[in-house]
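A.B. asks: Sharing a structure with you now.
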Amino acid sequence: MSGGLLELRDVHFAYEASRPVLRGASLELRAGERVALCGGNGAGKTTLLHVAVGLLVPSAGEVIAFGEPRRREREFWSVRARVGLLFQDPDDQLFCPSVAEDVAFGPLNLGRSPAQARAIAAETLAKLGIAELAERSSEKLSGGEKRLATLATVLAMEPEVLLLDEPTLGLDDAAQERLAGLLEGLPQAMCLVSHDRPFRARLATRTLALVQGRVEVDAR
Amino acid sequence: MSAAASGIRAPGPSALDPRARVLLLLAFAIAAVALRRVESALVALAVAGAGAALAGLPARRVARRLAAAQLGMLPFLLTLPFTVAGTPVAALGPLAPSAEGLVRAATLWLRVNAILLAAQALVGTLDAGRLAAALHRLGAPAALAQLLAFTVRYLGLLEQEYLRLRTAMRARAFRARSDRHTWRSLGQLAGMLIVRSAARAERVMEAMRCRGFTGRLPAPEELAFRARDAAWLSLACACLLALVAVDRW
């Protein structure tokens, strides 16, 4: 278990019994690693990330986080505080009237006082260079701004692991460049799902592929 | 006008704790409904108007909202003079509006507008999240409070989704006619909207759970019911009581 932060062991999952998505997928993420995960549309990359934080319950297999097997919803509460998941669609993640309140939501859930949460939110936004977005409404942000705002909501919880689901989707070159630069500077272990080959090459320490429900070392 | 908009605490109703504002509105509405005389209803309207002015609400928005409510009152205002028995003031053919009925209609109009103005002054300046938090702290069920906050947040997104689907339909030469195909397509549009909203709700919930949500929304700010809030609330309630007393006796 040396350095193993998050591990999936032989995970099976199906939305419909006749069409299993994951068929014995295994993946281990260690401290300091940046693992890229690729695979075709519908290969189960998002599913795998959702299983890792307990949003989906595998029909077989194990999720081991921070050295302990996790099965029930309750056991995943502490996992979600330490593993930040960046959703594919930023609109799913931003639900507060202002960006600052959205960023403060996680810290408030972790038991910080409103004043502390506000301070954390301001600090996180400043660190990402988007302090000016604080009072803006998330509905009126551009795609790139939304992406950085969601990253702030996740980083405000000071996670040890980041799971990024297609973080560059819909971003222009400049926004992609900015995001990649920011991610490069982060100390967290990461698992990044991405179709974007240059992005993967720039960030990943190793690349895996999800093929027919199993995780393989990327041959390409 | 700019004080409330920029978030600086104005000296008006906006300085009060959200719970105090909700309670005050409740007291005001109850008192206003109890009024019977035109004079006291006028006083209530004047007070509410002053409150709205103090709250720094944009006059145009207030007027627009008031105007929307007038239409709903119209049937009552038009029928009351003829349905309340009393001394006739004129004869319009077989119909004779009574003086009592006219007074009743006038007080009704004044009271409703007073309550609407007060609602805008007290609660209209709160955003949905704060109003929901205040209601919850006053004892409203958490589910209802959350429903309010989320409905307001996601209405815009729902509308966008609707417009996107509508555009996609138009792009394939759909035009609303009064035929079977139109009704069928609009039905499918509504159905798809419900399916997508449910799916989005599911994903929003998942995203919230990922950030430690376990069923209780944390308050965005600490609510502080200060001595000043209590003082204002009791003073206002005393004045309202006095107004009702003068009106009735």
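Chain labels run A, B, ... following the order of the structure tokens; each chain numbers its residues from 1, and ligands are numbered from 1 in the order shown.
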Can you pull out the residues contacting Phe199 (chain A)? Cut-off 10 Å, using only C-alpha atoms, and skip same-chain residues under 6 positions away; I want them as a list in words.
C.D. replies: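 Those residues are Ala36, Pro167, Thr168, Gln176, Glu177, Leu179, Ala180 and Leu192 of chain A.
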A.B. asks: Show me a table, sorted first by chain and then by increasing residue number, of the residues of chain A having an atom at most 10 Å from chain B, each with its shortest atom pair and the distance in Å to one decimal, counting only C-alpha atoms and written as a tab-separated table.
C.D. replies:
```
residue	atom	partner	partner_atom	distance
A:His50	CA	B:Glu206	CA	9.0
A:Val53	CA	B:Cys210	CA	7.4
A:Gly54	CA	B:Cys210	CA	8.9
A:Leu55	CA	B:Glu206	CA	6.6
A:Leu56	CA	B:Glu206	CA	9.6
A:Glu73	CA	B:Arg209	CA	9.9
A:Arg74	CA	B:Thr214	CA	9.4
A:Phe76	CA	B:Cys210	CA	9.1
A:Trp77	CA	B:Gly212	CA	6.3
A:Ser78	CA	B:Gly212	CA	8.0
A:Val79	CA	B:Cys210	CA	8.8
A:Arg80	CA	B:Cys210	CA	5.2
A:Ala81	CA	B:Gly212	CA	6.2
A:Arg82	CA	B:Arg211	CA	9.5
A:Val83	CA	B:Cys210	CA	8.3
A:Gly84	CA	B:Cys210	CA	7.2
A:Leu85	CA	B:Cys210	CA	6.8
A:Leu86	CA	B:Ala207	CA	8.5
A:Phe87	CA	B:Ala207	CA	7.3
A:Asp89	CA	B:Arg203	CA	9.2
A:Pro90	CA	B:Ala207	CA	9.8
A:Asp91	CA	B:Val204	CA	8.2
A:Asp92	CA	B:Val204	CA	4.7
A:Gln93	CA	B:Ala207	CA	5.4
A:Leu94	CA	B:Val204	CA	8.1
A:Phe95	CA	B:Arg153	CA	6.7
A:Cys96	CA	B:Arg153	CA	7.0
A:Pro97	CA	B:Arg153	CA	6.8
A:Glu101	CA	B:Pro220	CA	6.8
A:Asp102	CA	B:Pro220	CA	9.5
A:Val103	CA	B:Arg211	CA	9.9
A:Ala104	CA	B:Pro220	CA	8.0
A:Phe105	CA	B:Pro218	CA	7.4
A:Gly106	CA	B:Arg211	CA	4.9
A:Pro107	CA	B:Arg211	CA	8.2
A:Leu108	CA	B:Pro218	CA	6.1
A:Asn109	CA	B:Gly212	CA	5.4
A:Leu110	CA	B:Gly212	CA	6.6
A:Gly111	CA	B:Pro218	CA	8.9
A:Arg112	CA	B:Pro218	CA	9.9
A:Ser113	CA	B:Glu222	CA	8.2
A:Pro114	CA	B:Glu221	CA	5.3
A:Ala115	CA	B:Glu221	CA	7.5
A:Ala117	CA	B:Pro220	CA	9.0
A:Arg118	CA	B:Pro220	CA	8.9
A:Glu139	CA	B:Leu157	CA	8.0
A:Thr153	CA	B:Arg211	CA	8.3
A:Val154	CA	B:Arg211	CA	7.4
A:Ala156	CA	B:Arg211	CA	9.8
A:Met157	CA	B:Arg211	CA	7.7
```
A.B. asks: Between A:Ser137, A:Ser142, A:Ser98, A:Ser59, which residue has the minimum interatomic distance to Asp10 (chain A), considering only C-alpha atoms?
C.D. replies: A:Ser59
A.B. asks: Residues near region 142-145 of chain B, anyone? I mean within 6 Å using only C-alpha atoms, not counting same-chain ones fewer than 3 positions away, as a PyMOL selection string.
C.D. replies: chain B and resi 132+136+148
A.B. asks: Between CA of Arg136 (chain A) and CA of Ala174 (chain A), what is the distance in Å, rounded to a tenth?
C.D. replies: 21.2 Å
A.B. asks: Enumerate the residues of region 17-111 of chain B with a DSSP assignment of strand (DSSP E or B), computed from the backbone, and present them as an MDAnalysis selection string.
C.D. replies: chainID B and resid 88 92 95 98
A.B. asks: What would the file look like if the residues just selected were written as a compact mmCIF listing (two decimals), in the first residue's frame with C-alpha atoms?
C.D. replies:
```txt
# COMPACT_ATOMS: atom_id res chain seq x y z
CA PRO B 88 -76.80 53.61 -4.24
CA LEU B 92 -76.30 52.56 -14.52
CA LEU B 95 -77.13 48.35 -11.87
CA SER B 98 -73.32 51.35 -3.61
```
